[in-house]
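Dumped data.tsv below, it's TSV, C-alpha atoms and all ligand atoms:
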```tsv
chain	number	residue	atom	x	y	z
A	156	MET	CA	36.96	-34.38	-36.62
A	157	GLU	CA	37.66	-38.05	-35.88
A	158	ALA	CA	38.22	-37.33	-32.21
A	159	GLU	CA	35.05	-35.32	-32.11
A	160	ILE	CA	33.00	-38.17	-33.62
A	161	LYS	CA	34.45	-40.63	-31.10
A	162	LYS	CA	33.53	-38.24	-28.29
A	163	ILE	CA	29.95	-38.01	-29.59
A	164	ILE	CA	29.65	-41.80	-29.60
A	165	GLU	CA	30.85	-41.99	-25.99
A	166	GLU	CA	28.52	-39.22	-24.85
A	167	ALA	CA	25.66	-40.92	-26.62
A	168	ARG	CA	26.42	-44.27	-25.00
A	169	LEU	CA	26.36	-42.77	-21.49
A	170	ALA	CA	23.25	-40.70	-22.10
A	171	ILE	CA	21.34	-43.59	-23.68
A	172	GLU	CA	22.19	-45.90	-20.82
A	173	LYS	CA	20.78	-43.40	-18.35
A	174	SER	CA	17.56	-42.82	-20.30
A	175	ASP	CA	14.20	-44.28	-19.40
A	176	GLN	CA	11.27	-44.89	-21.75
A	177	GLN	CA	10.12	-41.29	-21.62
A	178	SER	CA	13.48	-39.59	-22.16
A	179	LEU	CA	14.99	-41.99	-24.71
A	180	ILE	CA	13.65	-40.20	-27.79
A	181	THR	CA	14.89	-36.76	-26.70
A	182	THR	CA	18.25	-38.20	-25.74
A	183	ALA	CA	18.64	-39.79	-29.20
A	184	ALA	CA	17.59	-36.49	-30.83
A	185	LYS	CA	20.48	-34.68	-29.13
A	186	PHE	CA	22.86	-36.71	-31.28
A	187	ILE	CA	21.04	-37.91	-34.38
A	188	GLY	CA	17.99	-35.65	-34.46
A	189	ARG	CA	17.58	-32.80	-36.96
A	190	LYS	CA	19.81	-30.56	-34.90
A	191	GLY	CA	21.81	-33.31	-33.21
A	192	SER	CA	25.57	-32.98	-32.78
A	193	LEU	CA	26.33	-35.84	-35.18
A	194	THR	CA	23.85	-34.52	-37.73
A	195	GLU	CA	25.65	-31.17	-37.66
A	196	ILE	CA	28.88	-32.95	-38.55
A	197	LEU	CA	27.22	-34.84	-41.41
A	198	LYS	CA	25.81	-31.56	-42.69
A	199	SER	CA	29.24	-29.95	-42.63
A	200	LEU	CA	30.91	-32.68	-44.73
A	201	GLY	CA	30.42	-30.59	-47.88
A	202	SER	CA	32.85	-27.98	-46.63
A	203	LEU	CA	35.67	-30.52	-46.28
A	204	SER	CA	38.28	-31.21	-48.88
A	205	ILE	CA	37.71	-34.25	-51.17
A	206	GLU	CA	40.46	-36.26	-49.43
A	207	GLU	CA	39.07	-35.61	-45.96
A	208	ARG	CA	35.43	-36.02	-46.94
A	209	LYS	CA	35.52	-39.78	-47.59
A	210	PRO	CA	37.09	-41.11	-44.35
A	211	VAL	CA	35.29	-38.60	-42.12
A	212	GLY	CA	32.01	-39.25	-43.95
A	213	GLU	CA	32.36	-43.01	-43.47
A	214	LEU	CA	33.23	-42.57	-39.82
A	215	ALA	CA	30.27	-40.22	-39.22
A	216	ASN	CA	27.83	-42.58	-40.99
A	217	ARG	CA	29.01	-45.58	-38.99
A	218	ALA	CA	28.66	-43.50	-35.84
A	219	LYS	CA	25.05	-42.75	-36.80
A	220	VAL	CA	24.24	-46.43	-37.38
A	221	LYS	CA	25.91	-47.26	-34.08
A	222	ILE	CA	23.93	-44.69	-32.10
A	223	GLU	CA	20.68	-45.85	-33.75
A	224	GLN	CA	21.49	-49.39	-32.72
A	225	MET	CA	22.24	-48.33	-29.12
A	226	VAL	CA	18.86	-46.59	-28.99
A	227	ARG	CA	17.04	-49.72	-30.26
A	228	GLU	CA	18.85	-51.92	-27.75
A	229	ARG	CA	18.03	-49.58	-24.91
A	230	GLU	CA	14.40	-49.51	-26.03
A	231	ALA	CA	14.23	-53.29	-26.06
A	232	ALA	CA	15.86	-53.55	-22.63
A	233	LEU	CA	13.43	-51.05	-21.12
A	234	GLY	CA	10.44	-52.86	-22.68
A	235	ALA	CA	11.60	-56.20	-21.32
A	236	ALA	CA	12.03	-54.74	-17.86
A	237	GLN	CA	8.54	-53.30	-17.94
A	238	HIS	CA	7.09	-56.60	-19.09
A	239	GLN	CA	8.92	-58.30	-16.24
A	240	ARG	CA	7.39	-55.90	-13.72
A	241	LEU	CA	3.90	-56.45	-15.10
A	242	MET	CA	4.31	-60.19	-14.93
A	243	GLN	CA	5.35	-59.99	-11.30
A	244	ARG	CA	2.06	-58.36	-10.38
A	245	ASP	CA	-0.24	-60.71	-8.41
A	246	THR	CA	-3.31	-60.71	-10.57
A	247	THR	CA	-5.18	-62.87	-8.04
A	248	LEU	CA	-5.22	-60.02	-5.49
A	249	PRO	CA	-8.71	-58.55	-5.03
A	250	GLY	CA	-9.20	-55.33	-6.98
A	251	ILE	CA	-10.52	-52.08	-5.61
A	252	LEU	CA	-14.31	-52.27	-5.71
A	253	PRO	CA	-16.06	-49.19	-7.04
A	254	VAL	CA	-18.48	-47.63	-4.59
A	255	VAL	CA	-21.90	-49.05	-5.40
A	256	GLY	CA	-25.28	-48.29	-3.88
A	257	HIS	CA	-27.25	-50.71	-1.74
A	258	PHE	CA	-30.74	-51.27	-0.47
A	259	SER	CA	-31.99	-49.41	2.57
A	260	PRO	CA	-32.77	-51.59	5.61
A	261	ILE	CA	-36.47	-50.94	4.94
A	262	THR	CA	-36.27	-52.26	1.38
A	263	ARG	CA	-34.39	-55.28	2.68
A	264	ILE	CA	-37.05	-56.13	5.25
A	265	ILE	CA	-39.80	-55.51	2.67
A	266	ARG	CA	-38.14	-58.00	0.33
A	267	GLU	CA	-37.74	-60.54	3.11
A	268	LEU	CA	-41.40	-60.13	4.09
A	269	ILE	CA	-42.53	-60.58	0.50
A	270	GLY	CA	-40.36	-63.72	0.31
A	271	ALA	CA	-41.65	-65.17	3.59
A	272	LEU	CA	-45.32	-64.52	2.81
A	273	SER	CA	-45.25	-65.55	-0.83
A	274	GLU	CA	-44.07	-68.97	0.32
A	275	LEU	CA	-47.49	-69.21	1.94
A	276	GLY	CA	-49.33	-68.12	-1.18
A	277	PHE	CA	-49.76	-64.42	-0.34
A	278	GLU	CA	-49.58	-62.01	-3.25
A	279	VAL	CA	-48.60	-58.34	-3.24
A	280	ALA	CA	-51.31	-55.75	-3.84
A	281	GLU	CA	-50.97	-52.02	-3.54
A	282	SER	CA	-53.14	-49.11	-2.56
A	283	PRO	CA	-52.56	-45.38	-2.92
A	284	GLU	CA	-50.75	-43.24	-0.37
A	285	VAL	CA	-53.38	-40.54	-0.76
A	286	GLU	CA	-56.49	-42.41	0.31
A	287	LEU	CA	-60.20	-41.69	0.64
A	288	GLU	CA	-61.45	-41.21	4.14
A	289	LEU	CA	-64.06	-43.83	3.24
A	290	TYR	CA	-61.44	-46.55	2.76
A	291	ASN	CA	-58.98	-45.45	5.42
A	292	PHE	CA	-61.70	-45.24	8.10
A	293	ASP	CA	-65.42	-45.72	7.45
A	294	LEU	CA	-65.46	-49.08	5.67
A	295	LEU	CA	-62.87	-50.39	8.12
A	296	ASN	CA	-65.57	-49.95	10.74
A	297	ILE	CA	-64.23	-46.62	12.02
A	298	PRO	CA	-67.16	-44.23	11.39
A	299	PRO	CA	-66.79	-40.43	11.75
A	300	ASN	CA	-66.68	-39.27	15.35
A	301	HIS	CA	-65.87	-42.79	16.52
A	302	PRO	CA	-63.42	-42.52	19.42
A	303	ALA	CA	-61.20	-45.14	17.72
A	304	ARG	CA	-60.21	-42.47	15.20
A	305	ASP	CA	-58.12	-40.88	17.92
A	306	GLN	CA	-55.61	-43.72	17.43
A	307	TRP	CA	-54.77	-42.29	14.03
A	308	ASP	CA	-53.55	-38.69	13.89
A	309	THR	CA	-54.26	-37.63	10.37
A	310	PHE	CA	-52.83	-35.44	7.62
A	311	TRP	CA	-55.91	-34.27	5.75
A	312	VAL	CA	-55.50	-33.51	2.07
A	313	LYS	CA	-59.07	-32.55	1.27
A	314	LYS	CA	-62.19	-32.18	3.37
A	315	GLY	CA	-65.28	-32.82	1.23
A	316	LYS	CA	-68.95	-33.02	2.10
A	317	ASP	CA	-68.66	-36.68	3.10
A	318	SER	CA	-66.02	-39.43	3.47
A	319	LYS	CA	-66.28	-40.37	-0.22
A	320	ASN	CA	-65.10	-36.87	-1.05
A	321	SER	CA	-62.44	-36.45	1.58
A	322	ALA	CA	-58.83	-37.45	1.15
A	323	LEU	CA	-55.96	-37.97	3.53
A	324	LEU	CA	-52.46	-39.45	3.63
A	325	ARG	CA	-53.25	-43.03	4.60
A	326	THR	CA	-52.66	-43.55	8.30
A	327	HIS	CA	-52.07	-47.28	7.77
A	328	THR	CA	-51.80	-49.79	4.89
A	329	THR	CA	-55.02	-51.49	6.04
A	330	PRO	CA	-57.28	-49.85	3.38
A	331	ILE	CA	-55.92	-52.50	1.01
A	332	GLN	CA	-58.43	-54.85	2.66
A	333	ILE	CA	-61.33	-52.72	1.47
A	334	ARG	CA	-59.94	-51.96	-1.97
A	335	TYR	CA	-58.98	-55.56	-2.67
A	336	MET	CA	-62.13	-57.18	-1.31
A	337	LEU	CA	-64.38	-54.81	-3.25
A	338	GLU	CA	-62.71	-56.07	-6.43
A	339	HIS	CA	-62.13	-59.77	-5.70
A	340	LYS	CA	-63.96	-62.77	-4.33
A	341	PRO	CA	-62.50	-65.18	-1.75
A	342	PRO	CA	-60.32	-67.16	-1.42
A	343	MET	CA	-57.66	-64.47	-1.08
A	344	ARG	CA	-54.26	-64.03	0.52
A	345	VAL	CA	-52.88	-60.54	0.13
A	346	MET	CA	-50.10	-58.32	1.48
A	347	ASN	CA	-49.61	-54.59	1.10
A	348	LEU	CA	-46.27	-53.02	1.96
A	349	GLY	CA	-45.68	-49.30	1.84
A	350	ARG	CA	-45.64	-45.91	3.43
A	351	ALA	CA	-48.10	-44.63	6.01
A	352	PHE	CA	-48.35	-41.15	7.51
A	353	ARG	CA	-49.39	-39.78	10.88
A	354	TYR	CA	-49.55	-36.24	12.19
A	355	GLU	CA	-47.41	-36.93	15.15
A	356	ALA	CA	-44.88	-35.49	17.56
A	357	GLU	CA	-41.76	-37.38	16.52
A	358	ASP	CA	-39.52	-39.18	18.98
A	359	VAL	CA	-37.30	-42.27	18.97
A	360	THR	CA	-40.26	-44.59	18.30
A	361	HIS	CA	-42.62	-42.28	16.37
A	362	ALA	CA	-42.09	-40.85	12.89
A	363	SER	CA	-44.76	-39.14	10.82
A	364	VAL	CA	-43.59	-40.99	7.71
A	365	PHE	CA	-43.07	-44.71	8.22
A	366	SER	CA	-43.75	-48.05	6.56
A	367	GLN	CA	-46.24	-50.79	7.25
A	368	LEU	CA	-47.09	-54.30	6.24
A	369	ASP	CA	-50.75	-55.21	6.13
A	370	GLY	CA	-51.85	-58.73	5.27
A	371	PHE	CA	-55.05	-60.69	5.24
A	372	MET	CA	-56.49	-64.03	4.24
A	373	VAL	CA	-60.16	-64.76	3.62
A	374	ASP	CA	-61.70	-68.12	2.79
A	375	ARG	CA	-64.19	-70.63	4.15
A	376	GLY	CA	-63.32	-71.91	7.61
A	377	ILE	CA	-60.41	-69.61	8.40
A	378	SER	CA	-59.68	-69.48	12.14
A	379	VAL	CA	-57.30	-67.96	14.68
A	380	ALA	CA	-55.17	-71.11	14.28
A	381	HIS	CA	-54.39	-70.17	10.65
A	382	MET	CA	-53.52	-66.65	11.75
A	383	LYS	CA	-51.12	-67.88	14.44
A	384	SER	CA	-49.29	-70.21	12.10
A	385	VAL	CA	-48.86	-67.57	9.36
A	386	ILE	CA	-47.57	-64.97	11.84
A	387	ASN	CA	-45.23	-67.47	13.50
A	388	HIS	CA	-43.86	-68.45	10.10
A	389	PHE	CA	-42.93	-64.97	9.03
A	390	VAL	CA	-41.54	-63.70	12.33
A	391	LYS	CA	-39.21	-66.72	12.34
A	392	LYS	CA	-38.22	-65.99	8.75
A	393	ILE	CA	-37.38	-62.37	9.53
A	394	LEU	CA	-36.04	-62.52	13.08
A	395	GLY	CA	-34.67	-66.07	13.22
A	396	GLU	CA	-35.80	-69.60	14.08
A	397	GLU	CA	-35.54	-69.04	17.83
A	398	CYS	CA	-38.10	-66.24	17.61
A	399	ARG	CA	-41.72	-67.06	18.49
A	400	ALA	CA	-44.95	-65.11	18.78
A	401	ARG	CA	-47.34	-64.65	21.70
A	402	PHE	CA	-50.89	-63.29	21.30
A	403	ARG	CA	-52.58	-60.94	23.78
A	404	PRO	CA	-56.17	-59.65	23.59
A	405	SER	CA	-56.38	-56.15	22.17
A	406	PHE	CA	-58.72	-53.88	20.21
A	407	PHE	CA	-58.92	-52.79	16.60
A	408	PRO	CA	-62.19	-51.62	15.05
A	409	PHE	CA	-61.68	-53.79	11.95
A	410	THR	CA	-60.98	-57.08	13.73
A	411	GLU	CA	-62.90	-59.15	16.27
A	412	PRO	CA	-61.34	-60.66	18.27
A	413	SER	CA	-58.18	-58.54	18.08
A	414	PHE	CA	-54.71	-59.36	19.33
A	415	GLU	CA	-51.41	-57.74	20.01
A	416	VAL	CA	-48.43	-59.87	18.97
A	417	ASP	CA	-45.31	-60.01	21.11
A	418	VAL	CA	-42.20	-61.80	19.91
A	419	TRP	CA	-39.57	-63.58	21.98
A	420	PHE	CA	-36.36	-62.02	20.70
A	421	ASN	CA	-32.91	-61.69	22.28
A	422	GLY	CA	-34.19	-63.00	25.59
A	423	LYS	CA	-37.27	-60.84	26.05
A	424	TRP	CA	-40.86	-60.33	24.87
A	425	LEU	CA	-41.23	-57.33	22.59
A	426	GLU	CA	-44.45	-55.86	21.27
A	427	LEU	CA	-44.44	-56.18	17.51
A	428	MET	CA	-47.77	-55.90	15.72
A	429	GLY	CA	-51.55	-56.15	15.67
A	430	CYS	CA	-53.83	-58.79	14.23
A	431	GLY	CA	-57.22	-60.39	14.52
A	432	MET	CA	-60.16	-61.96	12.72
A	433	VAL	CA	-61.61	-59.67	10.06
A	434	HIS	CA	-64.67	-58.02	11.63
A	435	PRO	CA	-67.98	-59.35	10.18
A	436	GLN	CA	-69.04	-55.75	9.56
A	437	VAL	CA	-65.94	-55.16	7.40
A	438	LEU	CA	-66.84	-58.26	5.35
A	439	ARG	CA	-70.42	-56.98	4.93
A	440	ASN	CA	-69.06	-53.56	3.88
A	441	VAL	CA	-67.34	-55.22	0.92
A	442	ASN	CA	-70.24	-57.54	0.08
A	443	ILE	CA	-68.75	-60.74	1.47
A	444	ASP	CA	-71.12	-62.88	3.55
A	445	PRO	CA	-69.60	-63.39	7.02
A	446	ASN	CA	-71.74	-66.51	7.48
A	447	GLU	CA	-69.96	-68.14	4.56
A	448	TYR	CA	-66.46	-66.67	4.83
A	449	SER	CA	-64.08	-65.66	7.54
A	450	GLY	CA	-60.57	-64.29	7.56
A	451	PHE	CA	-57.74	-62.94	9.58
A	452	ALA	CA	-55.65	-59.80	9.14
A	453	PHE	CA	-52.43	-58.44	10.55
A	454	GLY	CA	-50.47	-55.22	10.49
A	455	ALA	CA	-46.85	-54.52	11.37
A	456	GLY	CA	-44.54	-51.54	11.42
A	457	ILE	CA	-41.63	-52.26	9.08
A	458	GLU	CA	-39.22	-49.84	10.78
A	459	ARG	CA	-40.10	-51.56	14.05
A	460	LEU	CA	-39.07	-54.91	12.57
A	461	ALA	CA	-35.85	-53.42	11.20
A	462	MET	CA	-35.11	-51.78	14.57
A	463	LEU	CA	-35.40	-55.13	16.34
A	464	LYS	CA	-33.45	-57.04	13.73
A	465	TYR	CA	-30.58	-54.59	13.33
A	466	ASP	CA	-30.64	-53.13	16.85
A	467	ILE	CA	-31.47	-49.57	15.77
A	468	ASN	CA	-32.53	-47.24	18.57
A	469	ASP	CA	-34.11	-44.29	16.77
A	470	ILE	CA	-36.82	-44.58	14.10
A	471	ARG	CA	-35.94	-41.10	12.77
A	472	LEU	CA	-32.61	-42.42	11.46
A	473	PHE	CA	-34.32	-44.22	8.56
A	474	LEU	CA	-35.25	-41.00	6.80
A	475	SER	CA	-32.31	-38.94	8.03
A	476	GLY	CA	-30.16	-39.78	5.01
A	477	ASP	CA	-27.18	-39.70	7.38
A	478	PRO	CA	-24.35	-41.61	5.64
A	479	ARG	CA	-23.00	-42.78	9.01
A	480	PHE	CA	-26.29	-44.67	9.34
A	481	VAL	CA	-27.04	-45.86	5.81
A	482	GLU	CA	-23.49	-46.96	5.06
A	483	GLN	CA	-23.71	-49.54	7.82
A	484	PHE	CA	-26.04	-51.71	5.76
B	1	LIG	N1	-53.72	-50.80	10.97
B	1	LIG	C1	-53.26	-51.03	12.33
B	1	LIG	C2	-52.44	-49.84	12.77
B	1	LIG	O1	-52.06	-49.05	11.99
B	1	LIG	C3	-52.45	-52.29	12.39
B	1	LIG	C4	-53.30	-53.50	12.20
B	1	LIG	C5	-53.82	-54.15	13.28
B	1	LIG	C6	-53.60	-53.97	10.94
B	1	LIG	C7	-54.61	-55.28	13.12
B	1	LIG	C8	-54.40	-55.07	10.74
B	1	LIG	C9	-54.89	-55.72	11.87
B	1	LIG	O2	-54.71	-55.55	9.55
B	1	LIG	O3	-55.66	-56.82	11.68
B	1	LIG	O4	-52.17	-49.71	13.94
```
Please rewrite the model in this file as structure tokens.
Ligand code: DAH
Amino acid sequence: MEAEIKKIIEEARLAIEKSDQQSLITTAAKFIGRKGSLTEILKSLGSLSIEERKPVGELANRAKVKIEQMVREREAALGAAQHQRLMQRDTTLPGILPVVGHFSPITRIIRELIGALSELGFEVAESPEVELELYNFDLLNIPPNHPARDQWDTFWVKKGKDSKNSALLRTHTTPIQIRYMLEHKPPMRVMNLGRAFRYEAEDVTHASVFSQLDGFMVDRGISVAHMKSVINHFVKKILGEECRARFRPSFFPFTEPSFEVDVWFNGKWLELMGCGMVHPQVLRNVNIDPNEYSGFAFGAGIERLAMLKYDINDIRLFLSGDPRFVEQF
């Protein structure tokens, strides 16, 4: 019996030393658990003679205390080692960032435009994407059957008996001028940023769903000089200080005179947007006296701006949802 108990202690010592945190409990159970080898001996004490029972019982009980102590020591040693490992970790290393969403390049440019123009006192106003023919065309001085309508290929939503009763997907964000001026009196500085739609054969520079900025300012004594300084300010804000604007004569039905704006960017002139002085007929259409007030207006393609700024070569990428594209921003 004595020899057997000594053997159990030795086995236990070796096994406990080899155990890790996970296996320690099962190792201990092999010796002092309910069916452990030492427990079996303790259980069998009753079958021994009185003389044998005392010394063997004492020996077996001391062995149990000893094994319990070895288990506690091993536990403490393992815990200390783990603590040591944790403390050696460099907690100043950057963690792994979870994947988070981000703004599309269009939203980014829209926010930059709002920032650049609000510095100059422009406020954001909105108009609906499904627009009346009256506001998209007629009151902007583009009457039915006017050849200028050919510039805007149109998705019709509803053809009514006249332009007040006909609806379309707005072909530009310019109807804001009509909607806002019908409701407000000058002075006014307004921008409208949003989607526009054209029934168009798509290619690298044409998409049927795209975004536009339209802005205008109306007050007493507004001239082309005001227009040039506002446009120069925001192209510099978006495309960089070295960027500047050049104005060429052009035609839009709702402005007179009208201009095309080119910007000097990356060493060349690039066509960017349209602008001009709000046509006196447009002012009359919204009950503003052109002899008292004047204004300028401008319109820009937002994808076009983003394409210049980020060197993107195909407008169709913006709505493609292709992760190889969107994840670059
Ligand atoms: N609406 C024009 C277009 O879609 C752009 C434009 C040109 C807007 C001149 C304006 C403007 O407000 O003054 O092509």
Note to self: (-59.1, -56.1, 3.4) in this file's frame - what residues fall within 10 Å of it? Use all atoms listed in the file and give the answer as a ChimeraX atom specification.
What the structure shows: /A:290,294-295,328-337,343-347,369-373,409,433,437-438,441,450-452
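Proximity ranking of A:Trp419, A:Arg325, A:Cys398, A:His339 relative to ligand LIG 1 (chain B) places A:Arg325 first, based on only C-alpha atoms and all ligand atoms.
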Checklist line | Minimum-distance residue to ligand LIG 1 (chain B), chosen among A:Glu159, A:Asp466, A:Glu223, A:Glu411 (using all atoms listed in the file) | finding: A:Glu411
Margin query: ligand LIG 1 (chain B): which residues are within 6 Å, counting all atoms listed in the file? Reply as a ChimeraX atom specification.
Written below: /A:327,329,369,410,429-431,452-454
Notebook entry, point to check: Between CA of Phe258 in chain A and CA of Tyr465 in chain A, what is the spacing in Å?
Noted result: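 Computing the Euclidean distance for CA of Tyr465 in chain A and CA of Phe258 in chain A yields 14.2 Å.
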Check: By how many Å are CA of Ile386 in chain A and CA of Ala280 in chain A apart?
Finding: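 The value is 18.6 Å.
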Item checked: Nearest to Ile467 in chain A by atom-to-atom distance, counting only C-alpha atoms, from A:Leu427, A:Ile160, A:Ile171, A:Val359 ->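 Ranking A:Leu427, A:Ile160, A:Ile171, A:Val359 by distance to Ile467 in chain A, first place goes to A:Val359.
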Checklist line | For Val416 in chain A: contacts at 7 Å, only C-alpha atoms, fewer than 6 positions along chain excluded, given as a ChimeraX atom specification | finding: /A:400-403,426-429
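Near Gln177 in chain A, within 12 Å and counting all atoms listed in the file, sit A:Ile171, A:Thr182, A:Ala183, A:Arg229, A:Glu230, A:Leu233, A:Gly234; same-chain residues fewer than 5 positions away were not included.
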Check: For Tyr448 in chain A, which residue out of A:Lys340, A:Gly191, A:Arg227, A:Gly256 is the nearest one, using only C-alpha atoms?
Finding: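 Checking each of A:Lys340, A:Gly191, A:Arg227, A:Gly256 against Tyr448 in chain A, counting only C-alpha atoms, the winner is A:Lys340.
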Notebook entry, point to check: Between CA of Ala158 in chain A and CA of Lys185 in chain A, what is the distance, to one decimal in Å?
Noted result: 18.2 Å
Next item on the list: Pull the neighbourhood of (-68.3, -50.1, 18.4) for me: all residues within 12 Å in file coordinates, counting all atoms listed in the file, as a list in words.
Entry: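 I get Leu295, Asn296, Ile297, Pro298, Pro299, Asn300, His301, Pro302, Ala303, Arg304, Phe406, Phe407, Pro408, Phe409, Thr410, Glu411, His434 and Gln436 of chain A for the residues within 12 Å of that point.
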Check: Using all atoms listed in the file, which of the listed residues (A:Leu289, A:Pro341, A:Glu396, A:Asp305) sits closest to Asp317 in chain A?
Finding: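 Among the listed residues, the smallest separation from Asp317 in chain A belongs to A:Leu289.
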At a cut-off of 6 Å, using all atoms listed in the file, what residues contact range 348-356 of chain A? Leave out same-chain residues fewer than 3 positions from it and give the result as a JSON list (two decimals) with C-alpha atoms, in the coordinates of the input.
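Listing of part.json after writing:
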```
[["chain", "number", "residue", "atom", "x", "y", "z"],
["A", 308, "ASP", "CA", -53.55, -38.69, 13.89],
["A", 309, "THR", "CA", -54.26, -37.63, 10.37],
["A", 310, "PHE", "CA", -52.83, -35.44, 7.62],
["A", 324, "LEU", "CA", -52.46, -39.45, 3.63],
["A", 325, "ARG", "CA", -53.25, -43.03, 4.60],
["A", 326, "THR", "CA", -52.66, -43.55, 8.30],
["A", 327, "HIS", "CA", -52.07, -47.28, 7.77],
["A", 363, "SER", "CA", -44.76, -39.14, 10.82],
["A", 364, "VAL", "CA", -43.59, -40.99, 7.71],
["A", 365, "PHE", "CA", -43.07, -44.71, 8.22],
["A", 366, "SER", "CA", -43.75, -48.05, 6.56],
["A", 367, "GLN", "CA", -46.24, -50.79, 7.25],
["A", 368, "LEU", "CA", -47.09, -54.30, 6.24]]
```
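The residue that comes closest to Lys173 in chain A, out of A:Ala380, A:Ala461, A:Val226, A:Val211 and on the basis of only C-alpha atoms, is A:Val226.
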